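**Student:** I am attaching a structure below and will ask some questions about it afterwards.
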Amino acid sequence: MIRFVNVKKLYSHDVVALNNVNLHIKPGEFVSIVGQSGTGKTTLVKTLISEEKIDGGRIVVGGWDITRIKRSEVPVLRRQIGVIFQDFKLLPKKTLLENVAFALQVCGSGRKKINTIAPHVMRIVNLEDKLARYPFEVSGGEQQRVAIARALVHRPKILLADEPTGNLDSINANEIIDLLLRINKFGTTVILVTHNREIVNRLRRRVITIENGQIVSDQAVGKYLL
Amino acid sequence: MLFISLLRAVKFSLQDIIRNIWLSLVIIIILILALFSINLLYTVKVIGQATVSAVKEKIDVSLFLKNDATEEEILALSQRLKSLPDVKNVDYISKDKALAAFTDKHQDNQEIIDALKQLKRNPLSPTLIIKPNSFESIDDLSKRLDALDSPLIESRNFANYKLMLQKIDSITAKVAEAGLLISLIFAVITILVVYNSVRVATYTHRREIAIMRLVGASNWFIKLPFVFSGLIYALVSLGAIVAVYFLFLTVLQPYLEAFFVGYNINLLEHYRENFFTIFATQFVAAALVNIIASLSALRVYSKI
């Protein structure tokens, strides 16, 4: 599904964000990528969605070599990879349903398709009763669930979660992780980037540890090592 | 899908203008002020050109004839002059007409009127006033008239024109140069002001743009609402400037007529006759500045 081969990313001559990263993630896996702040976790996410270009090596997603991806092809890649972040990235002037529908609107989907898919994904994240609310009217956990719903509208094969629980209390954080596990059960590959020890240890799934831009550990059923 | 995307881009653009109405109004007002200044500069140029053309139009050459020349001889000479290549028209001012005009001109100067009465005869010569085809041909015409051999001619009065023409030419060239320089400086300032206002507007949308990129919107779709907004801003400000500037010209025209008595300067008519050229150019320029500013801001702030 995802293959990193000798991937190297430099921000400047001295700052090496990723150094000779090799990893292979199979379809349907749930992988946690852990490491301290500034070790290259987010850079790895950014290279995967082609937000950052790599300086060496090769990245293949679902058989597609995205190392030299054209600018015009980036949107196609991003429709195949759902992404959520710590800060939710919702539009404050749109309702929760409009935020989800927005992802389909900007990609040219018809009204009928939007009216079917948007409420459906809101049901998956258990927010069907809050469609007309605005982001500021719901909790952080619910905002993150809207972000997950939005990431699901294109039925992505991969869901990237970059510190999704960073702004949440433990109850809301656990709810989000449960939701990600449920999505993974449907067959979506989930990559969770986090430095939350409790969550990683509770999951008992594959854990990849990054330190100074390098993979220092890759355990099939791992724990937070650092 | 393309049609849906186009419609959606227009909808996003209109939504954005309405939701950020104050910012939109600021951009429109800045555009109106910029267009007003450009029109003002253009108006000054039109007045300048019309004045110079009117002055050029009034330039002519006089041949003073001998007092004893007969009407037939003068008319024959006039016909001969009309056949010269650079001559547009020849006016014959008889002795009597010249005296009537002279008396009329100096009617308030009693000393001159008394002196004329004491002479008991008409001291003025018959005159032929020759208008050149164009301002540029007056030099050649002067040379031809200098070379003209006729016993009727008493004196020729066109030597001073050469200096005057040189001065007019020099002033016209300097005005054109200064106008071009001022226009360029002003255009650059205008573009910078509009450009930065639009950049600020685009900057406020960076969050929305980031989300659009994240969920897989194509680059052209992200850019399209900004292109439409640029066109809408240009169209609205153009509509406003047409109304405001025609009102301004209507107020200005009587003052211009009073100031330039004897010159045919009608700005309202000029703007009506050249409406499409003037305002279409301004629309294209305003829309281009808006669109280029938006797209450049998108490139800087959102890497699109």
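If you're wondering about the labels, chains in the structure tokens are A, B, ... by order shown, residues count from 1 in each chain, ligands from 1 in order shown.
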With only C-alpha atoms as the counted atoms, please give the residues lying no more than 10 Å from stretch 79-86 of chain A, apart from itself and same-chain residues fewer than 6 positions off, as an MDAnalysis selection string.

**Tutor:** (chainID A and resid 45 48:49 61:62 103:104 107 140 144:168 188:194) or (chainID B and resid 213:217)

**Student:** Can you pull out the residues contacting A:Gly187? Cut-off 9 Å, using only C-alpha atoms, and skip same-chain residues under 5 positions away; I want them as number ranges by chain.

**Tutor:** A: 27-29, 157

**Student:** Which neighbours of stretch 211-224 of chain A fall inside 8 Å, counting only C-alpha atoms, when residues of the same chain fewer than 5 positions from it are skipped, and could you give them as a list in words?

**Tutor:**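 Listed by chain and then number, they are Val16, Ala17, Leu18, Asn19, Asn20, Val21, Asn22, Val34, Gly35, Gln36, Gly38, Thr39, Gly40, Lys41, Arg197, Val200, Asn201, Arg204, Arg205 and Arg206 of chain A.
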
**Student:** With distances taken over only C-alpha atoms, which residue among B:Val284, B:Ala69, B:Leu119, B:Val61 lies nearest B:Asp139?

**Tutor:**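 Result for the nearest residue to B:Asp139: B:Val61.
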
**Student:** Can you check which residues of stretch 11-155 of chain B DSSP gives as strand (DSSP E or B) on the backbone and send them as a short mmCIF file (atom, residue, chain, number, x, y, z; two decimals) with N, CA and C atoms, in the first residue's frame?

**Tutor:**
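Contents of out09.cif, as written:
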```cif
data_model
loop_
_atom_site.label_atom_id
_atom_site.label_comp_id
_atom_site.auth_asym_id
_atom_site.auth_seq_id
_atom_site.Cartn_x
_atom_site.Cartn_y
_atom_site.Cartn_z
N VAL B 61 -1.00 82.68 -42.16
CA VAL B 61 0.06 83.54 -42.71
C VAL B 61 -0.61 84.69 -43.48
N SER B 62 -0.09 85.92 -43.28
CA SER B 62 -0.73 87.08 -43.95
C SER B 62 0.18 87.66 -45.03
N LEU B 63 -0.47 88.00 -46.17
CA LEU B 63 0.26 88.73 -47.22
C LEU B 63 -0.39 90.10 -47.32
N PHE B 64 0.38 91.15 -47.04
CA PHE B 64 -0.17 92.52 -47.13
C PHE B 64 0.08 93.03 -48.55
N LEU B 65 -1.02 93.50 -49.18
CA LEU B 65 -0.92 93.88 -50.60
C LEU B 65 -0.86 95.40 -50.75
N VAL B 87 -1.74 74.84 -49.14
CA VAL B 87 -2.75 75.82 -48.74
C VAL B 87 -4.13 75.16 -48.56
N LYS B 88 -4.72 75.47 -47.40
CA LYS B 88 -6.06 74.93 -47.14
C LYS B 88 -7.12 75.92 -47.60
N ASN B 89 -6.85 77.20 -47.28
CA ASN B 89 -7.87 78.20 -47.56
C ASN B 89 -7.21 79.59 -47.66
N VAL B 90 -7.78 80.46 -48.47
CA VAL B 90 -7.26 81.84 -48.55
C VAL B 90 -8.42 82.80 -48.32
N ASP B 91 -8.27 83.68 -47.35
CA ASP B 91 -9.31 84.67 -47.05
C ASP B 91 -8.85 86.05 -47.52
N TYR B 92 -9.74 86.72 -48.22
CA TYR B 92 -9.39 88.07 -48.68
C TYR B 92 -10.05 89.09 -47.75
N ILE B 93 -9.20 89.92 -47.15
CA ILE B 93 -9.72 91.00 -46.30
C ILE B 93 -9.48 92.30 -47.06
N THR B 127 -5.49 92.56 -47.50
CA THR B 127 -4.67 91.46 -46.99
C THR B 127 -5.21 90.11 -47.47
N LEU B 128 -4.32 89.20 -47.70
CA LEU B 128 -4.74 87.81 -47.98
C LEU B 128 -4.26 86.95 -46.80
N ILE B 129 -5.22 86.29 -46.14
CA ILE B 129 -4.86 85.43 -45.00
C ILE B 129 -4.88 83.98 -45.47
N ILE B 130 -3.73 83.36 -45.34
CA ILE B 130 -3.59 81.99 -45.89
C ILE B 130 -3.49 80.98 -44.75
N LYS B 131 -4.41 80.01 -44.79
CA LYS B 131 -4.38 78.93 -43.78
C LYS B 131 -3.68 77.72 -44.36
N PRO B 132 -2.71 77.17 -43.62
CA PRO B 132 -2.02 75.98 -44.14
C PRO B 132 -2.87 74.72 -43.97
N ILE B 153 2.34 92.27 -53.88
CA ILE B 153 2.70 92.05 -52.47
C ILE B 153 3.55 93.20 -51.95
N GLU B 154 3.07 93.77 -50.84
CA GLU B 154 3.82 94.86 -50.23
C GLU B 154 4.75 94.31 -49.14
N SER B 155 4.16 93.47 -48.29
CA SER B 155 4.99 92.83 -47.25
C SER B 155 4.40 91.48 -46.87
#
```

**Student:** Residues of chain B within 8 Å of chain A, counting only C-alpha atoms - could you list those as a PyMOL selection string?

**Tutor:** chain B and resi 1-2+4-5+8+207-208+211-219+221-222

**Student:** Within 12 Å of B:Arg80, counting only C-alpha atoms, which residues show up once you throw out same-chain ones fewer than 2 positions away? Write them as a compact mmCIF listing (two decimals) with C-alpha atoms, in the first residue's frame, please.

**Tutor:**
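Contents of selection39.txt, freshly written:
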```txt
# COMPACT_ATOMS: atom_id res chain seq x y z
CA GLU B 73 -5.76 91.37 -59.44
CA ILE B 74 -6.19 90.41 -55.78
CA LEU B 75 -8.76 87.68 -56.57
CA ALA B 76 -6.44 86.33 -59.28
CA LEU B 77 -3.58 86.20 -56.79
CA SER B 78 -5.90 84.53 -54.27
CA LYS B 82 -5.21 78.39 -53.45
CA SER B 83 -3.57 76.17 -56.03
CA LEU B 84 -0.40 75.84 -53.90
CA PRO B 85 -0.03 72.35 -52.35
CA VAL B 87 -2.75 75.82 -48.74
CA ASN B 89 -7.87 78.20 -47.56
CA VAL B 90 -7.26 81.84 -48.55
CA LEU B 128 -4.74 87.81 -47.98
CA ILE B 130 -3.59 81.99 -45.89
CA LEU B 145 5.32 82.31 -50.12
CA LEU B 148 6.37 83.96 -54.61
CA ASP B 149 6.96 86.75 -57.04
CA SER B 150 4.07 89.19 -57.42
```

**Student:** Atom CA of B:Phe186 and atom CA of B:Tyr203, how far apart in Å?

**Tutor:**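 Atom-to-atom, atom CA of B:Tyr203 to atom CA of B:Phe186, that is 25.5 Å.
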
**Student:** If I take atom CA of A:Lys185 and atom CA of A:Arg123, how far is one from the other in Å, to one decimal?

**Tutor:** 16.4 Å

**Student:** Contacts of B:Pro254 at 12 Å or less, counting only C-alpha atoms, minus same-chain residues fewer than 5 places along, as number ranges by chain?

**Tutor:** B: 248-249, 259-261, 265-268

**Student:** If you measure from atom CA of A:Arg68 to atom CA of A:Tyr11, what distance in Å do you get, rounded to one decimal?

**Tutor:** 18.0 Å

**Student:** Using only C-alpha atoms, determine which residues lie at most 6 Å from stretch 3-5 of chain A, disregarding the query and same-chain residues fewer than 2 positions distant; provide the list as a list in words.

**Tutor:**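 The residues that qualify are Val7, Asn22, Leu23, His24, Gly57, Arg58, Ile59 and Val60 of chain A.
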
**Student:** Based on the backbone DSSP call, show me all residues of stretch 88-179 of chain A assigned helix (DSSP H, G or I), as a VMD selection string.

**Tutor:** chain A and resid 96 to 105 111 to 124 135 to 137 140 to 152 170 to 179

**Student:** Residues at most 12 Å from B:Ala100, counting only C-alpha atoms, excluding those fewer than 3 positions away in the same chain, as a PyMOL selection string?

**Tutor:** chain B and resi 93-97+103-107+113+116+122-124

**Student:** Using C-alpha atoms, can you write the selected residues to a file as a PDB file, in the first residue's frame?

**Tutor:**
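And here is the file that came out, result39.pdb:
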```
ATOM      1  CA  ILE B  93      -9.718  91.001 -46.303  1.00  0.00           C
ATOM      2  CA  SER B  94     -10.434  94.134 -48.328  1.00  0.00           C
ATOM      3  CA  LYS B  95      -9.303  97.598 -47.230  1.00  0.00           C
ATOM      4  CA  ASP B  96     -12.836  98.425 -46.058  1.00  0.00           C
ATOM      5  CA  LYS B  97     -13.221  95.192 -44.114  1.00  0.00           C
ATOM      6  CA  THR B 103     -12.198 100.423 -35.820  1.00  0.00           C
ATOM      7  CA  ASP B 104     -14.221  97.790 -34.044  1.00  0.00           C
ATOM      8  CA  LYS B 105     -11.167  96.449 -32.252  1.00  0.00           C
ATOM      9  CA  HIS B 106     -10.034  99.912 -31.067  1.00  0.00           C
ATOM     10  CA  GLN B 107     -13.407 101.479 -30.445  1.00  0.00           C
ATOM     11  CA  ILE B 113     -10.051 106.685 -33.590  1.00  0.00           C
ATOM     12  CA  LEU B 116      -7.798 107.707 -38.122  1.00  0.00           C
ATOM     13  CA  ASN B 122      -8.024 104.382 -45.174  1.00  0.00           C
ATOM     14  CA  PRO B 123      -4.366 103.643 -44.263  1.00  0.00           C
ATOM     15  CA  LEU B 124      -4.799  99.873 -44.138  1.00  0.00           C
TER      16      LEU B 124
END
```
